[in-house]
Every structure is written in structure tokens, then in C-alpha cells.
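Notes follow once the structure below has been shown.
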Amino acid sequence: MAMIKKVDASSYKMLSSFVTRLSSTTTTTTASRTGGQTPVENRIPTATGDGDVEIFDFEDTRRLFASVPTRKLLHSALTLNVCAMERMVDFSIGVMNSKMMETNRVFREAVLKVIRHSAYDHFVAGADTVEAGRTVNRLWDSGLRGMLDYGLEHAVDNESCDENTRELIKTAESAHALPTSSVSFVVVKITAICPVYLLRRVSDLLRWEHLNSSSFKLSWKQQTLPIFSESSPFYHTLQQPAPLSAAEEHDLELAHKRLTSICDKSINGNIPVMIDAEDTSIQPAIDYLTYWAALNYNKGPKPMVFGTIQGYLKDAGKRMSITKKAADKMGVPFGVKLVRGAYMSSERKLAHSLGVDSPVHDTLNDTHDCYNGCASFMLDQVSNGPGGLVLATHNLESGKLAAQKARNYGIGKEGEKLEFASLYGMAEGMTFGLRNGGFNVSKYLPFGPVEQIMPYLLRRAEENKGLLSSSSLDRQLLKQELKRRMKSCFSTNEKQFKPTTNSMANN
């Protein structure tokens with residue numbers, strides 16, 4: 001990494017002052033909310049496992065960020081510090097949701113320009129497959145992989161579903177042109193290739209069939225894996241739904257065909273497909289289609305179609321166990337991405353309005369316990385059997401626990417049994433720490449035009465507002481590394497550190 005060595009003392013002082021101020025506002029605000037004391041999470045932790053075997057080394061920021069240019073560090077530090085100010089995030093959300101975005105062209109263009117050079121550049125991989133491909137190449141050169149997610153919203157009719165399918169096929173085609181193994185998954189949202197109203201109808205019918213299995217059968221239902229456990233929420237379907245009409249059955253068949261075409265294109269290039277989760281009102285239909293595809297494509301030693309289980313749901317552990325057991329019995333490798341979940345508020349509001357228990361865990365610690373328990377279960381399963389696990393988390397403790405257990409089992413990059421994942425632009429310290437620890441690590445890469453990706457940015461802002469404001473690890477690490485690099489401008493003795501790269505990067 002080239003750095004300017006000739007910097008006068010006044011310039012150094014100004015830059016040092018800037019980096020200090022970069023994090024001082026957030027630190028001061030946080031301290032004021034905690035009685036003037038710096039919270040525990042503001043200290044840079046050293047995460048170790050059993051027997052003091054180090055998982056994360058956050059003291060050596062030079063090694064941690066060796067692959068990141070200084071310009072990128074500065075941009076990341078500024079963006080994350082702004083995002084940590086909840087009032088600023090609330091203001092930004094208000095601006096993006098304002099009517100002026102629809103009625104005032106000049107105002108809209110000005111707002112989009114600001115977004116394009118701030119949050120968009122930090123959290124989004126690019127405007128199209130070409131820019132996303134460049135991001136994948138940069139990640140690959142730094143020892144990471146990418147999960148390509150074209151930013152599509154819910155489809156309302158077959159025409160939009162067909163258009164979305166074409167875009168997802170283009171995404172898979174673009175992934176084939178990138179370095180082998182640099183793309184870990186092509187991400188698919190079933191809501192983009194099947195109308196949401198139909199997913200609700202199918203989910204209702206699947207729930208009713210499960211509750212009345214002896215007397216109610218679905219003629220259109222194809223072979224799949226278990227979707228429910230006895231503790232799953234069924235309150236969405238309070239009475240017997242009407243059967244699918246001939247037109248609805250036809251539309252469901254079209255959804256099967258769309259998913260098949262996407263899987264064919266991606267998997268023929270040896271790139272697995274990852275299917276995202278949604279809220280519980282439509283998740284049964286998503287699981288039905290996901291597991292149907294898994295039975296059709298997970299034929300070899302490793303799964304090529306992965307579903308998603310949300311750890312904040314009370315039935316997550318039981319459903320994972322039941323589905324894994326059924327897949328093993330059928331000789332099908334089970335692949336799953338484990339997340340915490342993104343619909344906590346809406347799920348609780350709906351349950352409260354119906355006077356039923358929320359499907360979401362009552363406390364954050366319960367969610368942590370469920371997530372870590374599910375991760376531990378799957379690591380036990382894949383350590384000496386078929387299957388694959390993607391651990392999508394920004395939680396340092398969950399990452400540490402899983403990494404230690406994987407290390408104990410001898411699970412590393414070989415065999416592709418385990419992949420850690422996090423959103424692009426978030427949890428960078430943990431990301432590079434896991435990479436340096438010898439694990440496969442991917443960044444979730446949404447991409448698309450700024451106008452199209454705005455709903456994604458709004459959701460990320462809403463869902464991660466608390467996370468961004470309370471977690472200061474990345475901001476501390478960035479500040480520490482920027483200070484180190486500034487000091488190195490005056491040092492002629494500091495040796496360049498060679499960044500960690502992918503061992504297959506030159507294949």
C-alpha cells in the first residue's frame with residue numbers, strides 16, 4: 001500500500017485531529033447516556049476460546065486491515081460514525097420517505113447524490129453486475145468472497161416476476177465470469193419471482209394441511225421437506241382457506257419454473273443458490289419452494305440450494321432439527337443459512353393485535369441462546385456428516401463460539417462445510433478476524449441502481465439502527481488503524497505487511 005511519506009507537522013496534526021474528532025462525537029453521546037462511563041462494548045476485546053486459543057486478534061490492526069486502502073478506511077470511519085448517531089439516522093429515514101422525494105425533482109436528485117456518495121457506497125456493492133463484479137474482485141484479492149444479491153423488491157404480478165427472473169439469471173451469468181470460488185452464493189428472494197399474494201395463499205393452505213393432515217390434502221403439493229414444528233405459529237390461518245383456483249395453480253407452477261431456471265443457471269456454474277427468509281405470514285410457502293428445490297438439486301456431497309432459518313423465532317431450533325433429520329433420512333445434504341431475523345417489530349405487533357403469543361423470543365438473550373444453539377447443532381451435524389452451514393452474524397460472541405467449535409472439529413476452508421457471512425460495510429473487524437483465523441468469510445453484496453436499492457437502505461437503517469449506535473468496535477479499530485498509518489508517514493523503518501489473500505486467487 002503506497003502512502004505519502006513527506007507530510008509536514010502541521011498537516012499531520014490536522015489529520016490526527018480529524019481522526020480523533022471522527023469518533024469523539026459518538027463516544028461522548030454514548031457515555032452521556034451511561035452516566036459518563038464508557039460502556040464495556042467500547043473497549044477493544046480480545047476474543048479467545050477454550051484454553052485461551054485466540055480467535056480474534058484485534059490488537060494488530062495493521063494485519064487486520066492490511067488489504068484495505070486508507071481512502072476506504074476514512075470513508076468507512078466517517079460513514080459508520082454518522083450512522084451511529086440515531087438522530088441522524090432518523091432524520092435520513094424521514095428525508096428518504098418524504099413526499100418531496102416524489103414531487104420535487106431537484107430535491108430528489110440532490111438527496112440521491114448524497115446517498116450515492118455516503119451510505120450507498122458503503123453498504124451497496126454497485127449499480128449493476130459490472131460494478132458488483134469489481135467489488136467481488138476486490139474482496140477476493142483481500143481473502144473474502146461475495147454473495148451476490150440483486151436488489152429486487154416484492155413482485156405483484158407475473159410480468160414483474162418474469163423480469164426479476166431475467167435479472168437473477170443475469171446475476172448468475174455474471175458470477176460465472178468472476179474468479180472461481182470468489183462468489184459463494186447467488187441470493188434469491190422468492191418474493192421477487194412469485195407474487196406475494198400467492199405466497200400468502202399457499203402459506204395458509206400449507207398451515208391448514210399441517211393442522212388437519214388426516215382430512216385435508218393439497219393436490220398441487222410436490223415433494224418437499226418438513227416446514228413446521230408443533231410450536232410454529234399457525235394463528236395466521238384461523239379458518240379453512242379456499243382452494244387454489246386454476247389460475248393460482250398455474251401461477252404457482254410458473255414460480256416453480258422460474259426458480260428452476262435460476263438454479264439451473266447458477267448451479268451449472270457450480271455456484272450455490274441462497275434463498276432468503278421473510279416474515280412468518282409467507283415463510284411457509286418460501287420454505288416449501290426452497291426445500292422442493294433442495295430435493296431436486298442437492299444431489300452431490302455438498303448442498304447447492306440453501307434455505308434460511310431465523311434464530312429469533314421460538315420454533316427455529318425445533319424446525320431445524322426436524323428438517324435436518326428428514327433430509328438425512330432421504331439422503332439429501334441439508335444446507336442452511338442461520339440469521340437472527342429482521343421482522344421483530346412487525347411480528348410482535350401482529351401477534352399482539354390477534355391476542356396471541358409472539359412467535360419471536362421474549363428477550364434478546366433468548367434469541368442469542370437460540371442462535372448459538374442452532375449453530376452448535378449444525379456444526380455437530382456437518383462435522384462428520386453431510387450438509388452445509390452459513391452463519392450470518394454481526395455478533396462477536398456468536399462468531400467466537402462458532403469459530404472455536406469449528407476449530408475444535410477441524411472445520412476450516414476445505415470442504416466448504418462452514419461459511420461466515422455479514423452485510424457489506426458492517427462487522428469489518430470480525431470479518432477480517434475470521435479471515436485471518438482461516439475460515440471462509442463472505443460479504444452479503446446487494447447491488448442495483450441507487451433509486452432501486454433505496455428500500456434496501458431504508459430497511460438496513462431501520463433494522464440496524466440500534467446495532468450501529470451501540471457497537472463501536474469497528475469505529476475503534478478504524479480509528480486505531482488510521483492513527484497508526486498517519487504515524488507511519490514519519491517512519492522509514494516500518495515494514496510493509498502482506499495482506500491475507502485467497503489461496504485460490506491465482507488459479
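Identifiers for the C-alpha cells are assigned positionally: chains receive A, B, ... in sequence, residues are indexed from 1 per chain, and ligands are indexed from 1 in the order shown.
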
Segment 408-414 of chain A environment, 6 Å, only C-alpha atoms, sequence neighbours closer than 3 positions dropped, as JSON, numbers by chain = {"A": [405, 439, 440]}

Kindly provide the residues of segment 338-378 of chain A that approach segment 270-289 of chain A to within 9 Å, each paired with its closest atom pair and their distance in Å to one decimal, based on only C-alpha atoms, listed by chain and increasing number, as a tab-separated table.
```
residue	atom	partner	partner_atom	distance
A:Gly341	CA	A:Ala277	CA	8.5
A:Ala342	CA	A:Glu278	CA	8.1
A:Tyr343	CA	A:Asp279	CA	6.2
A:Met344	CA	A:Asp279	CA	8.9
A:Ser346	CA	A:Asp279	CA	8.5
A:Glu347	CA	A:Asp279	CA	7.3
A:Pro359	CA	A:Thr280	CA	8.5
```

I'd like the neighbourhood of Thr165 of chain A as a PDB file with C-alpha atoms, in the first residue's frame, where a residue qualifies if any of its atoms comes within 7 Å (using only C-alpha atoms), though same-chain residues fewer than 3 positions away should be ignored.
```pdb
ATOM      1  CA  CYS A 161     -41.769 -11.901 -11.687  1.00  0.00           C
ATOM      2  CA  ASP A 162     -40.535 -12.720 -15.186  1.00  0.00           C
ATOM      3  CA  LEU A 168     -31.364 -13.027 -11.427  1.00  0.00           C
ATOM      4  CA  ILE A 169     -30.245 -15.184 -14.346  1.00  0.00           C
ATOM      5  CA  ILE A 193     -40.294 -14.483  -8.519  1.00  0.00           C
ATOM      6  CA  ARG A 258     -38.679 -19.541 -12.538  1.00  0.00           C
TER       7      ARG A 258
END
```

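Every protein or nucleic acid residue with an atom no more than 7 Å from segment 118-124 of chain A, counting only C-alpha atoms and leaving out same-chain residues fewer than 3 positions away, appears here: Ser76, Thr79, Val114, Ile115, Tyr424, Gly425, Leu445, Pro446 and Phe447 of chain A.
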
Using only C-alpha atoms, which of the listed residues (A:Lys99, A:Asn502, A:Ala175, A:Asp90) sits closest to Ser67 of chain A?
->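 Counting only C-alpha atoms, the residue closest to Ser67 of chain A is A:Asn502.
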
DSSP on the backbone: what in segment 333-496 of chain A comes out strand (DSSP E), as a list in words?
->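 For segment 333-496 of chain A, the strand (DSSP E) set is Gly335, Val336, Lys337, Leu338, Val339, Gly388, Leu389, Val390, Leu391, Ala392, Leu418, Glu419, Phe420, Ala421, Ser422, Leu423, Val441, Ser442, Lys443, Tyr444, Leu445, Pro446 and Phe447 of chain A.
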
Atoms to include: N, CA, C and O atoms. Write the selected residues as a CSV table (one decimal), in the first residue's frame.
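Printed below is part_7.csv as written:
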```csv
chain,number,residue,atom,x,y,z
A,335,GLY,N,-28.6,-27.7,3.5
A,335,GLY,CA,-27.8,-26.5,3.6
A,335,GLY,C,-28.7,-25.4,4.2
A,335,GLY,O,-29.8,-25.2,3.7
A,336,VAL,N,-28.2,-24.7,5.2
A,336,VAL,CA,-29.0,-23.6,5.8
A,336,VAL,C,-28.1,-22.4,6.1
A,336,VAL,O,-27.0,-22.5,6.5
A,337,LYS,N,-28.7,-21.2,6.0
A,337,LYS,CA,-28.1,-20.0,6.5
A,337,LYS,C,-28.9,-19.7,7.8
A,337,LYS,O,-30.1,-19.6,7.8
A,338,LEU,N,-28.1,-19.4,8.8
A,338,LEU,CA,-28.7,-19.0,10.1
A,338,LEU,C,-28.5,-17.5,10.3
A,338,LEU,O,-27.4,-17.0,10.3
A,339,VAL,N,-29.7,-16.8,10.5
A,339,VAL,CA,-29.7,-15.4,10.8
A,339,VAL,C,-30.4,-15.2,12.1
A,339,VAL,O,-31.1,-16.1,12.6
A,388,GLY,N,-24.3,-28.2,5.0
A,388,GLY,CA,-23.5,-27.0,5.0
A,388,GLY,C,-24.2,-25.9,5.8
A,388,GLY,O,-25.4,-25.9,5.9
A,389,LEU,N,-23.4,-25.1,6.4
A,389,LEU,CA,-23.9,-24.0,7.3
A,389,LEU,C,-23.3,-22.7,6.9
A,389,LEU,O,-22.1,-22.6,6.8
A,390,VAL,N,-24.2,-21.7,6.8
A,390,VAL,CA,-23.8,-20.3,6.6
A,390,VAL,C,-24.2,-19.6,7.9
A,390,VAL,O,-25.4,-19.5,8.2
A,391,LEU,N,-23.2,-19.0,8.6
A,391,LEU,CA,-23.5,-18.3,9.8
A,391,LEU,C,-23.5,-16.8,9.5
A,391,LEU,O,-22.4,-16.2,9.4
A,392,ALA,N,-24.6,-16.2,9.4
A,392,ALA,CA,-24.7,-14.8,9.1
A,392,ALA,C,-24.9,-14.0,10.4
A,392,ALA,O,-26.0,-14.1,11.0
A,418,LEU,N,-18.6,-24.8,6.3
A,418,LEU,CA,-19.0,-23.6,7.1
A,418,LEU,C,-18.5,-22.3,6.3
A,418,LEU,O,-17.4,-22.2,5.8
A,419,GLU,N,-19.4,-21.4,6.3
A,419,GLU,CA,-19.2,-20.0,5.8
A,419,GLU,C,-19.7,-19.0,6.7
A,419,GLU,O,-20.9,-19.0,7.1
A,420,PHE,N,-18.8,-18.1,7.2
A,420,PHE,CA,-19.3,-16.9,8.0
A,420,PHE,C,-19.7,-15.8,7.0
A,420,PHE,O,-19.1,-15.7,5.9
A,421,ALA,N,-20.7,-15.1,7.3
A,421,ALA,CA,-21.2,-14.0,6.4
A,421,ALA,C,-21.7,-12.8,7.2
A,421,ALA,O,-22.1,-12.9,8.4
A,422,SER,N,-21.6,-11.7,6.6
A,422,SER,CA,-22.1,-10.4,7.2
A,422,SER,C,-22.4,-9.4,6.1
A,422,SER,O,-22.0,-9.6,4.9
A,423,LEU,N,-23.2,-8.4,6.4
A,423,LEU,CA,-23.6,-7.4,5.4
A,423,LEU,C,-22.4,-6.6,5.0
A,423,LEU,O,-21.5,-6.3,5.8
A,441,VAL,N,-15.1,-16.6,4.6
A,441,VAL,CA,-15.9,-15.5,5.0
A,441,VAL,C,-16.5,-14.8,3.8
A,441,VAL,O,-15.7,-14.5,2.9
A,442,SER,N,-17.8,-14.5,3.8
A,442,SER,CA,-18.4,-13.9,2.7
A,442,SER,C,-19.0,-12.5,3.1
A,442,SER,O,-19.4,-12.4,4.3
A,443,LYS,N,-19.1,-11.6,2.2
A,443,LYS,CA,-19.9,-10.4,2.4
A,443,LYS,C,-21.2,-10.4,1.6
A,443,LYS,O,-21.1,-10.8,0.4
A,444,TYR,N,-22.3,-10.1,2.2
A,444,TYR,CA,-23.6,-10.1,1.5
A,444,TYR,C,-23.6,-8.8,0.7
A,444,TYR,O,-23.6,-7.7,1.2
A,445,LEU,N,-23.7,-9.0,-0.7
A,445,LEU,CA,-23.5,-7.8,-1.6
A,445,LEU,C,-24.8,-7.5,-2.3
A,445,LEU,O,-25.0,-7.9,-3.4
A,446,PRO,N,-25.6,-6.6,-1.7
A,446,PRO,CA,-26.7,-6.1,-2.5
A,446,PRO,C,-26.2,-5.1,-3.6
A,446,PRO,O,-25.2,-4.4,-3.4
A,447,PHE,N,-26.8,-5.1,-4.8
A,447,PHE,CA,-26.4,-4.2,-5.8
A,447,PHE,C,-27.6,-3.8,-6.7
A,447,PHE,O,-28.6,-4.5,-6.7
```

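Here atom CA of Glu397 of chain A and atom CA of Leu73 of chain A stand 24.3 Å from one another.
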
Quick one, how far is atom CA of Trp208 of chain A from atom CA of Lys329 of chain A?
->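 Rounded to one decimal, the two atoms are 25.3 Å apart.
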
Residue neighbourhood Pro455 of chain A, 12 Å, only C-alpha atoms, exclusion window fewer than 6 positions, as a PyMOL selection string = chain A and resi 93+96-97+120+151-154+446+448-449+461-462

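Proximity to Arg319 of chain A was assessed for A:Asn395, A:Gln404, A:Thr171, A:Ser229 counting only C-alpha atoms; the smallest distance is recorded for A:Ser229.
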